$ cat protein32.txt   # compact mmCIF, N, CA and C atoms
# COMPACT_ATOMS: atom_id res chain seq x y z
N MET A 1 119.24 112.46 88.52
CA MET A 1 118.52 113.70 88.38
C MET A 1 117.05 113.41 88.11
N TYR A 2 116.19 114.23 88.65
CA TYR A 2 114.76 114.03 88.52
C TYR A 2 114.15 115.01 87.51
N ALA A 3 113.10 114.58 86.87
CA ALA A 3 112.35 115.45 85.99
C ALA A 3 111.29 116.18 86.80
N LYS A 4 110.88 117.33 86.33
CA LYS A 4 109.88 118.15 87.02
C LYS A 4 108.54 117.42 87.07
N LYS A 5 107.94 117.36 88.25
CA LYS A 5 106.65 116.69 88.43
C LYS A 5 105.73 117.55 89.28
N HIS A 6 104.44 117.31 89.15
CA HIS A 6 103.42 118.01 89.93
C HIS A 6 102.61 116.95 90.67
N ILE A 7 102.67 116.99 91.99
CA ILE A 7 102.11 115.94 92.84
C ILE A 7 100.96 116.48 93.69
N LEU A 8 99.89 115.70 93.81
CA LEU A 8 98.79 116.02 94.71
C LEU A 8 98.95 115.15 95.96
N ILE A 9 98.95 115.78 97.12
CA ILE A 9 99.06 115.06 98.39
C ILE A 9 97.72 115.15 99.11
N ILE A 10 97.11 113.99 99.39
CA ILE A 10 95.87 113.94 100.17
C ILE A 10 96.24 113.45 101.55
N GLU A 11 96.21 114.36 102.49
CA GLU A 11 96.65 114.08 103.87
C GLU A 11 95.97 115.06 104.80
N SER A 12 95.34 114.56 105.86
CA SER A 12 94.61 115.44 106.78
C SER A 12 95.50 116.07 107.85
N GLN A 13 96.64 115.48 108.14
CA GLN A 13 97.52 116.02 109.17
C GLN A 13 98.42 117.11 108.58
N LYS A 14 98.27 118.33 109.07
CA LYS A 14 99.00 119.48 108.52
C LYS A 14 100.52 119.31 108.63
N ASP A 15 101.00 118.75 109.73
CA ASP A 15 102.45 118.58 109.88
C ASP A 15 103.00 117.59 108.85
N LEU A 16 102.28 116.53 108.60
CA LEU A 16 102.71 115.55 107.60
C LEU A 16 102.61 116.13 106.18
N GLN A 17 101.60 116.95 105.94
CA GLN A 17 101.49 117.65 104.66
C GLN A 17 102.77 118.44 104.39
N LYS A 18 103.19 119.21 105.40
CA LYS A 18 104.38 120.06 105.25
C LYS A 18 105.64 119.23 105.02
N ILE A 19 105.78 118.14 105.76
CA ILE A 19 106.96 117.28 105.63
C ILE A 19 107.03 116.69 104.22
N LEU A 20 105.92 116.15 103.75
CA LEU A 20 105.88 115.53 102.43
C LEU A 20 106.16 116.56 101.33
N LYS A 21 105.50 117.69 101.41
CA LYS A 21 105.65 118.74 100.40
C LYS A 21 107.08 119.26 100.36
N LEU A 22 107.64 119.54 101.52
CA LEU A 22 109.00 120.05 101.59
C LEU A 22 110.02 119.03 101.12
N SER A 23 109.82 117.78 101.47
CA SER A 23 110.72 116.71 101.04
C SER A 23 110.75 116.60 99.53
N LEU A 24 109.59 116.62 98.90
CA LEU A 24 109.51 116.50 97.44
C LEU A 24 110.17 117.70 96.76
N LYS A 25 109.98 118.88 97.35
CA LYS A 25 110.56 120.11 96.77
C LYS A 25 112.08 120.12 96.90
N ILE A 26 112.58 119.83 98.10
CA ILE A 26 114.03 119.90 98.35
C ILE A 26 114.78 118.79 97.64
N GLU A 27 114.28 117.57 97.75
CA GLU A 27 115.01 116.42 97.22
C GLU A 27 114.88 116.23 95.71
N ALA A 28 113.75 116.66 95.12
CA ALA A 28 113.55 116.39 93.70
C ALA A 28 113.16 117.62 92.89
N GLY A 29 112.82 118.72 93.56
CA GLY A 29 112.38 119.90 92.84
C GLY A 29 110.94 119.77 92.33
N TRP A 30 110.19 118.82 92.88
CA TRP A 30 108.81 118.61 92.46
C TRP A 30 107.90 119.59 93.18
N GLU A 31 106.88 120.02 92.49
CA GLU A 31 105.86 120.88 93.07
C GLU A 31 104.76 119.99 93.64
N ALA A 32 104.27 120.35 94.81
CA ALA A 32 103.20 119.56 95.43
C ALA A 32 102.10 120.50 95.93
N VAL A 33 100.89 120.01 95.81
CA VAL A 33 99.71 120.70 96.33
C VAL A 33 99.11 119.77 97.37
N THR A 34 98.77 120.32 98.53
CA THR A 34 98.21 119.49 99.60
C THR A 34 96.73 119.81 99.81
N VAL A 35 95.98 118.75 100.09
CA VAL A 35 94.57 118.89 100.45
C VAL A 35 94.28 117.98 101.64
N ASP A 36 93.24 118.31 102.35
CA ASP A 36 92.87 117.56 103.55
C ASP A 36 91.97 116.36 103.27
N CYS A 37 91.20 116.45 102.19
CA CYS A 37 90.18 115.41 101.99
C CYS A 37 89.92 115.14 100.51
N GLU A 38 89.16 114.10 100.30
CA GLU A 38 88.81 113.64 98.96
C GLU A 38 88.03 114.70 98.18
N ARG A 39 87.14 115.40 98.85
CA ARG A 39 86.33 116.43 98.19
C ARG A 39 87.22 117.53 97.61
N GLU A 40 88.19 117.99 98.40
CA GLU A 40 89.13 119.02 97.92
C GLU A 40 89.96 118.48 96.75
N ALA A 41 90.36 117.23 96.85
CA ALA A 41 91.14 116.61 95.78
C ALA A 41 90.33 116.58 94.48
N ALA A 42 89.06 116.22 94.57
CA ALA A 42 88.21 116.14 93.38
C ALA A 42 88.10 117.51 92.70
N MET A 43 87.99 118.57 93.49
CA MET A 43 87.90 119.91 92.91
C MET A 43 89.19 120.28 92.17
N LEU A 44 90.33 119.92 92.74
CA LEU A 44 91.60 120.22 92.08
C LEU A 44 91.81 119.36 90.83
N LEU A 45 91.41 118.12 90.89
CA LEU A 45 91.57 117.22 89.74
C LEU A 45 90.76 117.69 88.54
N ASP A 46 89.71 118.47 88.79
CA ASP A 46 88.92 119.05 87.70
C ASP A 46 89.68 120.16 86.98
N ARG A 47 90.62 120.80 87.69
CA ARG A 47 91.30 121.99 87.15
C ARG A 47 92.77 121.81 86.84
N ILE A 48 93.44 120.89 87.53
CA ILE A 48 94.89 120.78 87.45
C ILE A 48 95.29 119.37 87.04
N GLU A 49 96.30 119.28 86.21
CA GLU A 49 96.82 117.98 85.79
C GLU A 49 97.99 117.60 86.71
N PHE A 50 97.87 116.45 87.35
CA PHE A 50 98.92 115.97 88.26
C PHE A 50 99.62 114.76 87.66
N ASP A 51 100.88 114.59 88.03
CA ASP A 51 101.66 113.43 87.59
C ASP A 51 101.50 112.25 88.53
N ALA A 52 101.15 112.52 89.79
CA ALA A 52 100.95 111.46 90.78
C ALA A 52 100.14 112.00 91.93
N ILE A 53 99.58 111.07 92.69
CA ILE A 53 98.82 111.41 93.89
C ILE A 53 99.42 110.62 95.05
N ILE A 54 99.72 111.31 96.14
CA ILE A 54 100.16 110.63 97.36
C ILE A 54 98.96 110.58 98.30
N LEU A 55 98.64 109.38 98.76
CA LEU A 55 97.47 109.16 99.61
C LEU A 55 97.90 108.40 100.85
N ASN A 56 97.70 109.00 102.01
CA ASN A 56 98.06 108.34 103.27
C ASN A 56 96.95 107.37 103.66
N LEU A 57 97.29 106.08 103.70
CA LEU A 57 96.32 105.04 104.02
C LEU A 57 96.59 104.41 105.39
N VAL A 58 97.39 105.07 106.20
CA VAL A 58 97.83 104.48 107.46
C VAL A 58 96.67 104.12 108.39
N ASN A 59 95.69 104.99 108.55
CA ASN A 59 94.62 104.66 109.48
C ASN A 59 93.48 103.87 108.83
N GLY A 60 93.58 103.58 107.54
CA GLY A 60 92.63 102.69 106.88
C GLY A 60 91.35 103.33 106.41
N ASP A 61 91.02 104.53 106.87
CA ASP A 61 89.76 105.14 106.47
C ASP A 61 89.80 105.74 105.07
N ARG A 62 90.96 105.72 104.44
CA ARG A 62 91.08 106.27 103.09
C ARG A 62 91.00 105.20 101.99
N LEU A 63 90.77 103.96 102.35
CA LEU A 63 90.65 102.92 101.33
C LEU A 63 89.52 103.22 100.33
N PRO A 64 88.36 103.74 100.79
CA PRO A 64 87.33 104.12 99.81
C PRO A 64 87.81 105.25 98.88
N THR A 65 88.65 106.14 99.39
CA THR A 65 89.20 107.21 98.55
C THR A 65 90.06 106.63 97.45
N LEU A 66 90.89 105.65 97.78
CA LEU A 66 91.72 104.98 96.77
C LEU A 66 90.83 104.37 95.69
N ALA A 67 89.78 103.69 96.09
CA ALA A 67 88.87 103.07 95.12
C ALA A 67 88.21 104.12 94.24
N LYS A 68 87.77 105.23 94.82
CA LYS A 68 87.12 106.29 94.04
C LYS A 68 88.10 106.93 93.05
N LEU A 69 89.34 107.15 93.49
CA LEU A 69 90.34 107.73 92.60
C LEU A 69 90.61 106.82 91.40
N LYS A 70 90.59 105.52 91.63
CA LYS A 70 90.88 104.58 90.54
C LYS A 70 89.68 104.38 89.61
N THR A 71 88.47 104.75 90.03
CA THR A 71 87.30 104.61 89.16
C THR A 71 86.90 105.94 88.51
N ASN A 72 87.44 107.05 88.98
CA ASN A 72 87.16 108.35 88.41
C ASN A 72 87.96 108.51 87.11
N PRO A 73 87.30 108.81 85.98
CA PRO A 73 88.03 108.91 84.70
C PRO A 73 89.16 109.94 84.72
N GLN A 74 89.02 111.00 85.51
CA GLN A 74 90.06 112.03 85.56
C GLN A 74 91.29 111.58 86.35
N SER A 75 91.09 110.81 87.39
CA SER A 75 92.22 110.42 88.23
C SER A 75 92.70 108.99 88.01
N ALA A 76 91.90 108.16 87.36
CA ALA A 76 92.27 106.75 87.18
C ALA A 76 93.64 106.55 86.53
N PRO A 77 94.02 107.34 85.52
CA PRO A 77 95.33 107.12 84.90
C PRO A 77 96.52 107.65 85.72
N ILE A 78 96.24 108.41 86.75
CA ILE A 78 97.32 109.02 87.55
C ILE A 78 97.83 107.99 88.56
N PRO A 79 99.14 107.75 88.60
CA PRO A 79 99.67 106.80 89.58
C PRO A 79 99.42 107.29 91.01
N ILE A 80 99.01 106.36 91.86
CA ILE A 80 98.77 106.69 93.26
C ILE A 80 99.86 106.05 94.10
N ILE A 81 100.48 106.90 94.92
CA ILE A 81 101.51 106.44 95.86
C ILE A 81 100.80 106.33 97.20
N ALA A 82 100.65 105.12 97.68
CA ALA A 82 99.97 104.87 98.94
C ALA A 82 100.99 104.80 100.07
N ILE A 83 100.75 105.56 101.11
CA ILE A 83 101.57 105.46 102.31
C ILE A 83 100.85 104.48 103.23
N GLY A 84 101.52 103.35 103.49
CA GLY A 84 100.93 102.30 104.31
C GLY A 84 101.60 102.19 105.66
N LEU A 85 101.14 101.27 106.46
CA LEU A 85 101.69 101.09 107.80
C LEU A 85 103.09 100.50 107.79
N SER A 86 103.34 99.60 106.88
CA SER A 86 104.62 98.89 106.93
C SER A 86 105.10 98.59 105.52
N ASP A 87 106.22 97.92 105.45
CA ASP A 87 106.79 97.52 104.17
C ASP A 87 106.56 96.02 103.96
N ARG A 88 105.61 95.46 104.69
CA ARG A 88 105.33 94.03 104.56
C ARG A 88 104.74 93.74 103.19
N ALA A 89 105.12 92.61 102.64
CA ALA A 89 104.66 92.23 101.30
C ALA A 89 103.14 92.09 101.25
N GLY A 90 102.52 91.59 102.32
CA GLY A 90 101.07 91.40 102.33
C GLY A 90 100.31 92.71 102.18
N GLU A 91 100.72 93.71 102.93
CA GLU A 91 100.05 95.01 102.85
C GLU A 91 100.29 95.64 101.48
N SER A 92 101.52 95.58 101.02
CA SER A 92 101.87 96.15 99.73
C SER A 92 101.06 95.48 98.60
N SER A 93 100.97 94.18 98.64
CA SER A 93 100.22 93.43 97.63
C SER A 93 98.74 93.81 97.66
N TYR A 94 98.17 93.92 98.85
CA TYR A 94 96.77 94.27 99.01
C TYR A 94 96.49 95.67 98.43
N LEU A 95 97.33 96.65 98.78
CA LEU A 95 97.12 98.01 98.30
C LEU A 95 97.35 98.11 96.80
N THR A 96 98.26 97.33 96.27
CA THR A 96 98.49 97.30 94.82
C THR A 96 97.26 96.75 94.11
N LYS A 97 96.66 95.72 94.67
CA LYS A 97 95.44 95.14 94.07
C LYS A 97 94.30 96.16 94.08
N LEU A 98 94.30 97.05 95.08
CA LEU A 98 93.26 98.08 95.15
C LEU A 98 93.52 99.24 94.19
N GLY A 99 94.73 99.29 93.60
CA GLY A 99 95.00 100.33 92.62
C GLY A 99 96.21 101.20 92.87
N ALA A 100 96.89 101.00 93.99
CA ALA A 100 98.09 101.81 94.25
C ALA A 100 99.22 101.38 93.31
N ALA A 101 99.89 102.36 92.72
CA ALA A 101 101.03 102.06 91.84
C ALA A 101 102.29 101.81 92.66
N VAL A 102 102.39 102.50 93.79
CA VAL A 102 103.56 102.40 94.67
C VAL A 102 103.04 102.39 96.10
N VAL A 103 103.62 101.52 96.93
CA VAL A 103 103.29 101.50 98.36
C VAL A 103 104.56 101.82 99.13
N ILE A 104 104.47 102.83 99.98
CA ILE A 104 105.62 103.29 100.76
C ILE A 104 105.26 103.19 102.24
N PRO A 105 106.17 102.64 103.05
CA PRO A 105 105.86 102.55 104.49
C PRO A 105 105.86 103.93 105.13
N GLN A 106 105.00 104.10 106.12
CA GLN A 106 104.88 105.39 106.80
C GLN A 106 106.21 105.81 107.42
N MET A 107 106.99 104.89 107.86
CA MET A 107 108.22 105.22 108.57
C MET A 107 109.40 105.50 107.63
N LEU A 108 109.16 105.58 106.33
CA LEU A 108 110.22 105.87 105.38
C LEU A 108 110.80 107.25 105.67
N ASN A 109 112.11 107.36 105.65
CA ASN A 109 112.78 108.64 105.82
C ASN A 109 112.32 109.59 104.71
N PRO A 110 111.80 110.78 105.04
CA PRO A 110 111.30 111.69 104.02
C PRO A 110 112.34 112.07 102.96
N ILE A 111 113.60 112.00 103.32
CA ILE A 111 114.66 112.32 102.37
C ILE A 111 114.69 111.28 101.24
N LEU A 112 114.22 110.08 101.52
CA LEU A 112 114.22 109.00 100.52
C LEU A 112 112.93 108.93 99.70
N LEU A 113 111.95 109.73 100.05
CA LEU A 113 110.63 109.65 99.43
C LEU A 113 110.68 109.85 97.92
N SER A 114 111.24 110.95 97.46
CA SER A 114 111.24 111.22 96.02
C SER A 114 112.05 110.18 95.26
N ASP A 115 113.14 109.71 95.84
CA ASP A 115 113.95 108.68 95.18
C ASP A 115 113.15 107.39 95.02
N ARG A 116 112.43 107.00 96.06
CA ARG A 116 111.63 105.77 96.01
C ARG A 116 110.52 105.89 94.97
N ILE A 117 109.87 107.05 94.92
CA ILE A 117 108.80 107.26 93.95
C ILE A 117 109.37 107.24 92.52
N ALA A 118 110.46 107.97 92.31
CA ALA A 118 111.07 108.05 90.98
C ALA A 118 111.49 106.67 90.48
N LYS A 119 112.06 105.87 91.36
CA LYS A 119 112.49 104.53 90.96
C LYS A 119 111.29 103.66 90.60
N LYS A 120 110.26 103.69 91.43
CA LYS A 120 109.08 102.84 91.20
C LYS A 120 108.30 103.25 89.95
N LEU A 121 108.27 104.56 89.67
CA LEU A 121 107.49 105.05 88.53
C LEU A 121 108.38 105.32 87.31
N ASN A 122 109.68 105.04 87.44
CA ASN A 122 110.61 105.20 86.32
C ASN A 122 110.65 106.64 85.83
N TRP A 123 110.83 107.57 86.76
CA TRP A 123 110.76 108.99 86.48
C TRP A 123 112.12 109.68 86.43
N PHE A 124 113.15 109.02 86.04
CA PHE A 124 114.45 109.68 85.95
C PHE A 124 114.58 110.33 84.59
N MET A 125 115.22 111.49 84.52
CA MET A 125 115.33 112.24 83.27
C MET A 125 116.07 111.47 82.19
N ASN A 126 117.00 110.60 82.57
CA ASN A 126 117.74 109.87 81.56
C ASN A 126 116.96 108.66 81.02
N ASN A 127 115.74 108.49 81.47
CA ASN A 127 114.88 107.40 81.00
C ASN A 127 114.05 107.90 79.82
N PRO A 128 114.20 107.31 78.63
CA PRO A 128 113.43 107.76 77.47
C PRO A 128 111.92 107.65 77.68
N GLN A 129 111.47 106.72 78.53
CA GLN A 129 110.04 106.59 78.78
C GLN A 129 109.47 107.81 79.49
N PHE A 130 110.32 108.52 80.22
CA PHE A 130 109.85 109.69 80.94
C PHE A 130 109.24 110.70 79.96
N TYR A 131 109.89 110.89 78.86
CA TYR A 131 109.44 111.90 77.90
C TYR A 131 108.14 111.51 77.23
N ASN A 132 107.79 110.24 77.28
CA ASN A 132 106.54 109.77 76.68
C ASN A 132 105.50 109.45 77.74
N HIS A 133 105.69 109.98 78.96
CA HIS A 133 104.77 109.68 80.07
C HIS A 133 103.37 110.11 79.68
N SER A 134 102.48 109.15 79.54
CA SER A 134 101.11 109.48 79.16
C SER A 134 100.19 109.19 80.32
N ARG A 135 99.03 109.85 80.29
CA ARG A 135 98.07 109.68 81.35
C ARG A 135 96.84 109.18 80.79

$ encode --input "protein32.txt" --output "structure tokens"
Amino acid sequence: MYAKKHILIIESQKDLQKILKLSLKIEAGWEAVTVDCEREAAMLLDRIEFDAIILNLVNGDRLPTLAKLKTNPQSAPIPIIAIGLSDRAGESSYLTKLGAAVVIPQMLNPILLSDRIAKKLNWFMNNPQFYNHSR
């Protein structure tokens, strides 16, 4: 069972926004807000507290966004789930060094998305650490 979470999705493709948001809602009951760009994300981060940020890094042009999120005092403590090209250890290691808490391959079945995130971030309700989740 999953605990209630609020996720920010930074993704420019509307169809992928819908898939990610719907998957998180159906599979885990998590609420998600989608934005197209870093500027929109920054405005929301000023007003809303998120438990995680999903950032699509597949085309590589969002690497500066990842760096900015990790240096911004408001977003730095928030775990970033990076969607990468593959599940190769090299890419995962590289994105983790840049600040991603979790790296998920783009081709991951959306039904498995929330489970993968929950496992990597230790977000199961029966986990005592969940209740002390600090940012």

$ atom_distance --input "protein32.txt" --atom1 "atom CA of A:Ala32" --atom2 "atom CA of A:Arg116"
16.2 Å

$ atom_distance --input "protein32.txt" --atom1 "atom CA of A:Gly84" --atom2 "atom CA of A:Leu44"
23.6 Å

$ closest_atom_pairs --input "protein32.txt" --of "stretch 32-85 of chain A" --to "stretch 4-17 of chain A" --cutoff "6 Å" --atoms "only N, CA and C atoms" --output "Markdown table"
| residue | atom | partner | partner_atom | distance |
| --- | --- | --- | --- | --- |
| A:Ala32 | CA | A:Ile7 | C | 4.2 |
| A:Val33 | C | A:Ile9 | N | 4.0 |
| A:Thr34 | CA | A:Ile9 | C | 4.4 |
| A:Val35 | N | A:Ile9 | C | 4.1 |
| A:Asp36 | CA | A:Glu11 | C | 4.2 |
| A:Cys37 | N | A:Glu11 | N | 5.4 |
| A:Phe50 | CA | A:His6 | C | 4.5 |
| A:Asp51 | N | A:His6 | C | 3.9 |
| A:Ala52 | C | A:Leu8 | N | 4.2 |
| A:Ile53 | CA | A:Leu8 | C | 4.3 |
| A:Ile54 | N | A:Leu8 | C | 3.9 |
| A:Leu55 | CA | A:Ile10 | N | 4.8 |
| A:Asn56 | N | A:Ile10 | C | 4.7 |

$ atom_distance --input "protein32.txt" --atom1 "atom CA of A:Ile26" --atom2 "atom C of A:Pro110"
9.2 Å

$ closest_residue --input "protein32.txt" --among "A:Arg47, A:Trp123, A:Ser92, A:Met107" --to "A:Pro79" --atoms "only C-alpha atoms"
A:Trp123

$ select_by_dssp --input "protein32.txt" --residues "chain A" --states "alpha helix (DSSP H)" --output "ChimeraX atom specification"
/A:14-28,38-47,63-71,89-98,113-121,128-131

$ closest_residue --input "protein32.txt" --among "A:Glu27, A:Leu98, A:Asn122, A:Leu108" --to "A:Leu66" --atoms "only N, CA and C atoms"
A:Leu98

$ closest_residue --input "protein32.txt" --among "A:Leu95, A:Leu121, A:Ala101, A:Ala67" --to "A:Ile80" --atoms "only N, CA and C atoms"
A:Ala101

$ select_by_dssp --input "protein32.txt" --residues "stretch 31-117 of chain A" --states "strand (DSSP E)" --output "number ranges by chain"
A: 31-35, 52-56, 80-84, 102-105

$ closest_residue --input "protein32.txt" --among "A:Ser114, A:Gln106, A:Ser93, A:Gln74" --to "A:Ser23" --atoms "only C-alpha atoms"
A:Ser114

$ closest_residue --input "protein32.txt" --among "A:Ile83, A:Lys68, A:Ala76, A:Leu22" --to "A:Pro105" --atoms "all atoms listed in the file"
A:Ile83

$ closest_residue --input "protein32.txt" --among "A:Lys18, A:Arg62, A:Lys97, A:Lys120" --to "A:Glu38" --atoms "only C-alpha atoms"
A:Arg62
